[in-house]
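Undergrad: Coordinates in upload-v3.pdb, PDB, C-alpha atoms (C1' of nucleotides), are listed below.
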```pdb
ATOM      1  CA  MET O 573    -144.680  81.735  16.733  1.00  0.00           C
ATOM      2  CA  ARG O 574    -141.766  79.557  17.721  1.00  0.00           C
ATOM      3  CA  ALA O 575    -142.018  78.141  14.216  1.00  0.00           C
ATOM      4  CA  THR O 576    -141.734  81.604  12.750  1.00  0.00           C
ATOM      5  CA  VAL O 577    -138.550  82.338  14.605  1.00  0.00           C
ATOM      6  CA  ALA O 578    -137.184  78.946  13.651  1.00  0.00           C
ATOM      7  CA  ALA O 579    -137.999  79.757  10.022  1.00  0.00           C
ATOM      8  CA  ILE O 580    -135.678  82.724   9.888  1.00  0.00           C
ATOM      9  CA  PRO O 581    -133.071  81.859   7.230  1.00  0.00           C
ATOM     10  CA  GLU O 582    -129.453  81.619   8.198  1.00  0.00           C
ATOM     11  CA  GLY O 583    -127.509  84.757   7.459  1.00  0.00           C
ATOM     12  CA  THR O 584    -130.677  86.788   7.903  1.00  0.00           C
ATOM     13  CA  VAL O 585    -132.204  88.711  10.754  1.00  0.00           C
ATOM     14  CA  ALA O 586    -135.608  90.068  11.723  1.00  0.00           C
ATOM     15  CA  THR O 587    -136.886  92.612  14.198  1.00  0.00           C
ATOM     16  CA  TYR O 588    -139.139  91.749  17.106  1.00  0.00           C
ATOM     17  CA  GLY O 589    -141.852  93.692  15.382  1.00  0.00           C
ATOM     18  CA  ASP O 590    -141.512  91.680  12.205  1.00  0.00           C
ATOM     19  CA  VAL O 591    -141.557  88.339  13.946  1.00  0.00           C
ATOM     20  CA  ALA O 592    -144.539  89.467  15.958  1.00  0.00           C
ATOM     21  CA  SER O 593    -146.307  90.401  12.761  1.00  0.00           C
ATOM     22  CA  TYR O 594    -145.487  87.208  10.863  1.00  0.00           C
ATOM     23  CA  ALA O 595    -146.187  85.034  13.875  1.00  0.00           C
ATOM     24  CA  GLY O 596    -149.467  86.719  14.600  1.00  0.00           C
ATOM     25  CA  ALA O 597    -148.319  88.098  17.926  1.00  0.00           C
ATOM     26  CA  THR O 598    -150.137  91.250  18.912  1.00  0.00           C
ATOM     27  CA  THR O 599    -147.114  92.959  20.406  1.00  0.00           C
ATOM     28  CA  PRO O 600    -143.329  92.744  20.033  1.00  0.00           C
ATOM     29  CA  ARG O 601    -142.914  92.494  23.769  1.00  0.00           C
ATOM     30  CA  LEU O 602    -144.602  89.149  23.610  1.00  0.00           C
ATOM     31  CA  ILE O 603    -141.818  87.913  21.357  1.00  0.00           C
ATOM     32  CA  GLY O 604    -139.125  88.963  23.748  1.00  0.00           C
ATOM     33  CA  ARG O 605    -141.008  87.376  26.587  1.00  0.00           C
ATOM     34  CA  ILE O 606    -141.507  84.076  24.820  1.00  0.00           C
ATOM     35  CA  LEU O 607    -137.944  83.999  23.621  1.00  0.00           C
ATOM     36  CA  SER O 608    -136.648  84.506  27.131  1.00  0.00           C
ATOM     37  CA  GLU O 609    -138.695  81.545  28.296  1.00  0.00           C
ATOM     38  CA  ASP O 610    -139.026  79.133  25.381  1.00  0.00           C
ATOM     39  CA  GLY O 611    -136.345  80.531  23.118  1.00  0.00           C
ATOM     40  CA  ALA O 612    -133.576  78.252  24.312  1.00  0.00           C
ATOM     41  CA  ASP O 613    -133.895  75.982  21.299  1.00  0.00           C
ATOM     42  CA  LEU O 614    -134.599  78.723  18.789  1.00  0.00           C
ATOM     43  CA  PRO O 615    -132.317  80.940  16.680  1.00  0.00           C
ATOM     44  CA  TRP O 616    -133.114  83.933  18.861  1.00  0.00           C
ATOM     45  CA  HIS O 617    -129.818  85.485  17.820  1.00  0.00           C
ATOM     46  CA  ARG O 618    -131.447  86.301  14.485  1.00  0.00           C
ATOM     47  CA  VAL O 619    -133.998  88.506  16.177  1.00  0.00           C
ATOM     48  CA  LEU O 620    -132.967  92.103  16.782  1.00  0.00           C
ATOM     49  CA  ARG O 621    -134.592  95.315  17.825  1.00  0.00           C
ATOM     50  CA  ALA O 622    -136.030  97.801  15.343  1.00  0.00           C
ATOM     51  CA  ASN O 623    -132.750  99.700  15.099  1.00  0.00           C
ATOM     52  CA  GLY O 624    -130.658  96.630  14.373  1.00  0.00           C
ATOM     53  CA  THR O 625    -129.169  96.308  17.822  1.00  0.00           C
ATOM     54  CA  PRO O 626    -129.697  93.285  20.077  1.00  0.00           C
ATOM     55  CA  ALA O 627    -130.754  93.490  23.702  1.00  0.00           C
ATOM     56  CA  GLU O 628    -128.154  94.771  26.159  1.00  0.00           C
ATOM     57  CA  HIS O 629    -127.708  91.418  27.873  1.00  0.00           C
ATOM     58  CA  LEU O 630    -126.981  89.603  24.637  1.00  0.00           C
ATOM     59  CA  VAL O 631    -125.119  92.140  22.536  1.00  0.00           C
ATOM     60  CA  THR O 632    -121.806  90.321  22.760  1.00  0.00           C
ATOM     61  CA  LYS O 633    -122.968  86.755  22.265  1.00  0.00           C
ATOM     62  CA  GLN O 634    -125.617  87.582  19.714  1.00  0.00           C
ATOM     63  CA  LEU O 635    -123.323  89.584  17.501  1.00  0.00           C
ATOM     64  CA  GLU O 636    -120.775  86.811  17.744  1.00  0.00           C
ATOM     65  CA  LEU O 637    -123.264  84.173  16.634  1.00  0.00           C
ATOM     66  CA  LEU O 638    -124.518  86.341  13.793  1.00  0.00           C
ATOM     67  CA  ARG O 639    -121.005  87.052  12.689  1.00  0.00           C
ATOM     68  CA  SER O 640    -120.319  83.327  12.483  1.00  0.00           C
ATOM     69  CA  GLU O 641    -123.385  82.965  10.276  1.00  0.00           C
ATOM     70  CA  GLY O 642    -122.286  85.573   7.810  1.00  0.00           C
ATOM     71  CA  VAL O 643    -124.109  88.579   9.188  1.00  0.00           C
ATOM     72  CA  PRO O 644    -121.574  91.378   9.575  1.00  0.00           C
ATOM     73  CA  SER O 645    -122.252  93.427  12.646  1.00  0.00           C
ATOM     74  CA  ALA O 646    -120.832  96.901  12.348  1.00  0.00           C
ATOM     75  CA  ASN O 647    -120.308  98.944  15.455  1.00  0.00           C
ATOM     76  CA  GLY O 648    -122.389  96.715  17.691  1.00  0.00           C
ATOM     77  CA  ARG O 649    -125.288  96.531  15.310  1.00  0.00           C
ATOM     78  CA  VAL O 650    -126.460  94.835  12.124  1.00  0.00           C
ATOM     79  CA  ASP O 651    -127.337  96.440   8.817  1.00  0.00           C
ATOM     80  CA  LEU O 652    -131.071  95.742   8.741  1.00  0.00           C
ATOM     81  CA  ARG O 653    -131.508  97.239   5.284  1.00  0.00           C
ATOM     82  CA  ALA O 654    -129.347  94.481   3.875  1.00  0.00           C
ATOM     83  CA  TYR O 655    -130.032  91.525   6.152  1.00  0.00           C
ATOM     84  CA  ARG O 656    -133.592  92.053   7.288  1.00  0.00           C
ATOM     85  CA  TRP O 657    -135.771  88.994   6.723  1.00  0.00           C
ATOM     86  CA  ASP O 658    -138.524  89.734   4.242  1.00  0.00           C
ATOM     87  CA  GLY O 659    -140.868  87.199   5.772  1.00  0.00           C
ATOM     88  CA  SER O 660    -140.524  84.317   3.372  1.00  0.00           C
TER      89      SER O 660
ATOM     90  C1'  DA B 793    -157.952  92.337  41.468  1.00  0.00           C
ATOM     91  C1'  DT B 794    -153.500  95.341  41.454  1.00  0.00           C
ATOM     92  C1'  DC B 795    -148.781  96.529  40.788  1.00  0.00           C
ATOM     93  C1'  DC B 796    -144.243  95.626  38.871  1.00  0.00           C
ATOM     94  C1'  DT B 797    -141.119  94.069  35.416  1.00  0.00           C
ATOM     95  C1'  DG B 798    -139.272  92.784  30.916  1.00  0.00           C
ATOM     96  C1'  DA B 799    -134.889  90.095  25.047  1.00  0.00           C
ATOM     97  C1'  DC B 800    -140.002  96.235  22.216  1.00  0.00           C
ATOM     98  C1'  DT B 801    -142.102  99.930  18.931  1.00  0.00           C
ATOM     99  C1'  DG B 802    -143.565 104.149  17.076  1.00  0.00           C
ATOM    100  C1'  DC B 803    -144.620 108.969  17.534  1.00  0.00           C
ATOM    101  C1'  DC B 804    -143.498 113.552  18.985  1.00  0.00           C
ATOM    102  C1'  DC B 805    -140.708 117.114  20.465  1.00  0.00           C
TER     103       DC B 805
ATOM    104  C1'  DT X1298    -129.525 112.699  17.058  1.00  0.00           C
ATOM    105  C1'  DG X1299    -131.597 111.904  21.591  1.00  0.00           C
ATOM    106  C1'  DG X1300    -135.024 111.497  25.274  1.00  0.00           C
ATOM    107  C1'  DG X1301    -139.772 110.976  26.993  1.00  0.00           C
ATOM    108  C1'  DC X1302    -144.302 108.567  26.822  1.00  0.00           C
ATOM    109  C1'  DA X1303    -147.928 105.468  26.153  1.00  0.00           C
ATOM    110  C1'  DG X1304    -149.674 100.912  24.405  1.00  0.00           C
ATOM    111  C1'  DC X1305    -148.859  95.855  24.790  1.00  0.00           C
ATOM    112  C1'  DC X1306    -149.012  90.658  26.947  1.00  0.00           C
ATOM    113  C1'  DA X1307    -147.927  87.267  30.726  1.00  0.00           C
ATOM    114  C1'  DG X1308    -146.464  85.725  35.141  1.00  0.00           C
ATOM    115  C1'  DG X1309    -145.332  86.349  39.976  1.00  0.00           C
ATOM    116  C1'  DA X1310    -145.910  88.689  44.613  1.00  0.00           C
TER     117       DA X1310
END
```
Once you've parsed the file, please lay out its structure as C-alpha coordinates.
TA:
Amino acid sequence: MRATVAAIPEGTVATYGDVASYAGATTPRLIGRILSEDGADLPWHRVLRANGTPAEHLVTKQLELLRSEGVPSANGRVDLRAYRWDGS
DNA sequence: ATCCTGACTGCCC
DNA sequence: TGGGCAGCCAGGA
(Lines of atoms letter the chains of each structure in order from A and count residues from 1; the text may use other names and numbers.)
(Lines give C-alpha, C1' and ligand atoms only; values in the text may rest on other atoms or scores of the structure.)
Protein backbone atom coordinates (compact mmCIF):
# COMPACT_ATOMS: atom_id res chain seq x y z
CA MET A 1 0.00 0.00 0.00
CA ARG A 2 2.77 2.39 0.93
CA ALA A 3 4.40 1.29 -2.31
CA THR A 4 1.30 2.21 -4.24
CA VAL A 5 1.26 5.71 -2.87
CA ALA A 6 4.97 6.03 -3.52
CA ALA A 7 4.33 4.93 -7.10
CA ILE A 8 2.12 7.88 -7.89
CA PRO A 9 3.90 9.78 -10.69
CA GLU A 10 5.00 13.32 -10.11
CA GLY A 11 2.58 15.86 -11.48
CA THR A 12 -0.26 13.40 -10.95
CA VAL A 13 -2.79 12.83 -8.22
CA ALA A 14 -5.09 10.06 -7.06
CA THR A 15 -8.11 9.83 -4.81
CA TYR A 16 -8.17 7.87 -1.58
CA GLY A 17 -10.58 5.51 -3.23
CA ASP A 18 -8.25 4.88 -6.13
CA VAL A 19 -5.23 4.25 -3.97
CA ALA A 20 -7.30 1.96 -1.80
CA SER A 21 -8.35 0.05 -4.87
CA TYR A 22 -4.89 -0.24 -6.41
CA ALA A 23 -3.28 -1.03 -3.08
CA GLY A 24 -5.84 -3.64 -2.22
CA ALA A 25 -7.19 -1.72 0.75
CA THR A 26 -10.79 -2.52 1.51
CA THR A 27 -11.77 1.01 2.41
CA PRO A 28 -10.52 4.53 1.64
CA ARG A 29 -10.54 5.40 5.31
CA LEU A 30 -7.76 2.92 5.78
CA ILE A 31 -5.62 4.95 3.41
CA GLY A 32 -6.14 8.14 5.33
CA ARG A 33 -5.40 6.35 8.54
CA ILE A 34 -2.19 4.79 7.30
CA LEU A 35 -1.05 8.01 5.72
CA SER A 36 -1.54 9.88 8.96
CA GLU A 37 0.64 7.34 10.73
CA ASP A 38 3.15 6.00 8.22
CA GLY A 39 2.75 8.60 5.50
CA ALA A 40 5.55 10.85 6.67
CA ASP A 41 7.94 9.54 4.03
CA LEU A 42 5.37 9.19 1.28
CA PRO A 43 4.06 11.63 -1.35
CA TRP A 44 0.76 11.93 0.50
CA HIS A 45 0.25 15.32 -1.11
CA ARG A 46 -0.64 13.49 -4.31
CA VAL A 47 -3.60 11.84 -2.65
CA LEU A 48 -6.83 13.82 -2.65
CA ARG A 49 -10.45 13.22 -1.86
CA ALA A 50 -12.97 12.11 -4.47
CA ASN A 51 -13.89 15.69 -5.33
CA GLY A 52 -10.32 16.82 -5.88
CA THR A 53 -9.96 18.66 -2.61
CA PRO A 54 -7.42 17.72 0.07
CA ALA A 55 -8.25 17.28 3.73
CA GLU A 56 -9.03 20.45 5.69
CA HIS A 57 -5.86 20.28 7.77
CA LEU A 58 -3.61 20.05 4.74
CA VAL A 59 -5.34 22.17 2.13
CA THR A 60 -2.74 24.92 2.21
CA LYS A 61 0.42 22.84 2.33
CA GLN A 62 -0.83 20.14 0.01
CA LEU A 63 -1.92 22.52 -2.70
CA GLU A 64 1.39 24.30 -2.38
CA LEU A 65 3.37 21.10 -2.84
CA LEU A 66 1.23 20.03 -5.79
CA ARG A 67 1.60 23.42 -7.37
CA SER A 68 5.37 23.11 -7.15
CA GLU A 69 5.12 19.77 -8.93
CA GLY A 70 3.15 21.12 -11.83
CA VAL A 71 -0.35 20.33 -10.66
CA PRO A 72 -2.40 23.51 -10.94
CA SER A 73 -4.85 23.82 -8.11
CA ALA A 74 -7.77 26.00 -9.02
CA ASN A 75 -9.89 27.47 -6.29
CA GLY A 76 -8.53 25.23 -3.56
CA ARG A 77 -8.89 22.07 -5.55
CA VAL A 78 -7.26 20.07 -8.33
CA ASP A 79 -8.71 19.15 -11.70
CA LEU A 80 -9.03 15.39 -11.26
CA ARG A 81 -10.24 14.85 -14.81
CA ALA A 82 -6.88 16.03 -16.08
CA TYR A 83 -4.46 14.96 -13.37
CA ARG A 84 -6.02 11.85 -11.92
CA TRP A 85 -3.61 8.91 -11.82
CA ASP A 86 -4.81 6.10 -14.05
CA GLY A 87 -3.15 3.45 -11.95
CA SER A 88 -0.06 2.71 -13.97
C1' DA B 1 -16.12 -6.49 24.46
C1' DT B 2 -17.81 -1.48 23.55
C1' DC B 3 -17.63 3.24 22.20
C1' DC B 4 -15.37 7.08 19.92
C1' DT B 5 -12.71 9.19 16.37
C1' DG B 6 -10.55 9.99 11.90
C1' DA B 7 -6.23 12.66 5.98
C1' DC B 8 -13.20 8.90 2.96
C1' DT B 9 -16.98 7.35 -0.53
C1' DG B 10 -21.23 6.74 -2.75
C1' DC B 11 -26.18 7.01 -2.81
C1' DC B 12 -30.42 9.44 -2.11
C1' DC B 13 -33.24 13.21 -1.44
C1' DT C 1 -25.69 22.32 -5.48
C1' DG C 2 -25.93 20.79 -0.68
C1' DG C 3 -26.81 17.94 3.39
C1' DG C 4 -27.74 13.51 5.69
C1' DC C 5 -26.62 8.54 6.35
C1' DA C 6 -24.55 4.20 6.51
C1' DG C 7 -20.47 1.13 5.59
C1' DC C 8 -15.44 0.70 6.54
C1' DC C 9 -10.71 -0.44 9.37
C1' DA C 10 -7.54 0.29 13.42
C1' DG C 11 -6.10 1.94 17.80
C1' DG C 12 -6.87 3.87 22.35
C1' DA C 13 -9.73 4.58 26.68
Undergrad: Taking only C-alpha atoms (C1' of nucleotides) into account, what are the residues of chain X at most 9 Å from chain O, put as a VMD selection string?
TA: chain X and resid 1305 to 1307
Undergrad: Report as a PyMOL selection string the set of chain B residues whose atoms approach chain O to within 9 Å, with distances computed over all atoms listed in the file.
TA: chain B and resi 798-801
Undergrad: Please dump the current selection as a PDB file, in the coordinates of the input; keep C-alpha atoms (C1' of nucleotides).
TA:
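Okay, this is what ended up in out.pdb:
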```
ATOM      1  C1'  DG B 798    -139.272  92.784  30.916  1.00  0.00           C
ATOM      2  C1'  DA B 799    -134.889  90.095  25.047  1.00  0.00           C
ATOM      3  C1'  DC B 800    -140.002  96.235  22.216  1.00  0.00           C
ATOM      4  C1'  DT B 801    -142.102  99.930  18.931  1.00  0.00           C
TER       5       DT B 801
END
```
Undergrad: Which residues would end up in the selection if the PyMOL selection byres ((chain B and resi 797) around 10) were applied here, given that I need the answer as a list of chain:residue names?
TA: B:DC795, B:DC796, B:DG798, X:DG1308, X:DG1309
Undergrad: Report as a VMD selection string the residues that result from applying the PyMOL selection byres ((chain O and resi 649) around 10) to the structure here.
TA: chain O and resid 620 to 621 623 to 626 631 634 to 635 644 to 648 650 to 652
Undergrad: What is the atom CA of Leu614 of chain O to atom CA of Arg653 of chain O distance in Å?
TA: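 We find that atom CA of Leu614 of chain O and atom CA of Arg653 of chain O lie 23.1 Å from each other.
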Undergrad: One decimal, Å: what's the distance from atom CA of Tyr594 of chain O over to atom CA of Thr576 of chain O, could you say?
TA: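 Computed distance, atom CA of Tyr594 of chain O to atom CA of Thr576 of chain O, equals 7.0 Å.
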Undergrad: Suppose you want the space between atom CA of Thr584 of chain O and atom CA of Trp657 of chain O; what is it in Å?
TA: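 So the two atoms, atom CA of Thr584 of chain O and atom CA of Trp657 of chain O, lie 5.7 Å apart.
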Undergrad: Run the PyMOL selection byres ((chain X and resi 1301-1303) around 10) against the file shown and list the residues it catches, as a JSON list (two decimals) with C-alpha atoms (C1' of nucleotides), keeping the file's coordinate frame.
TA:
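File produced: out-v4.json:
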```json
[["chain", "number", "residue", "atom", "x", "y", "z"],
["B", 803, "DC", "C1'", -144.62, 108.97, 17.53],
["B", 804, "DC", "C1'", -143.50, 113.55, 18.98],
["B", 805, "DC", "C1'", -140.71, 117.11, 20.46],
["X", 1299, "DG", "C1'", -131.60, 111.90, 21.59],
["X", 1300, "DG", "C1'", -135.02, 111.50, 25.27],
["X", 1304, "DG", "C1'", -149.67, 100.91, 24.40],
["X", 1305, "DC", "C1'", -148.86, 95.86, 24.79]]
```
Undergrad: Hey, could you pull the box centre and edge lengths for segment 610-622 of chain O, axis-aligned, 4 Å padding per side, all listed atoms, to one decimal in Å, as JSON?
TA:
```
{"center_x": -134.4, "center_y": 86.9, "center_z": 19.9, "size_x": 17.2, "size_y": 29.8, "size_z": 18.9}
```
Undergrad: Which polymer residues have any atom within 10 Å of an atom of Gly659 of chain O, counting only C-alpha atoms (C1' of nucleotides), with same-chain residues fewer than 5 positions away left out, as number ranges by chain?
TA: O: 576, 579-581, 586, 590-591, 593-595
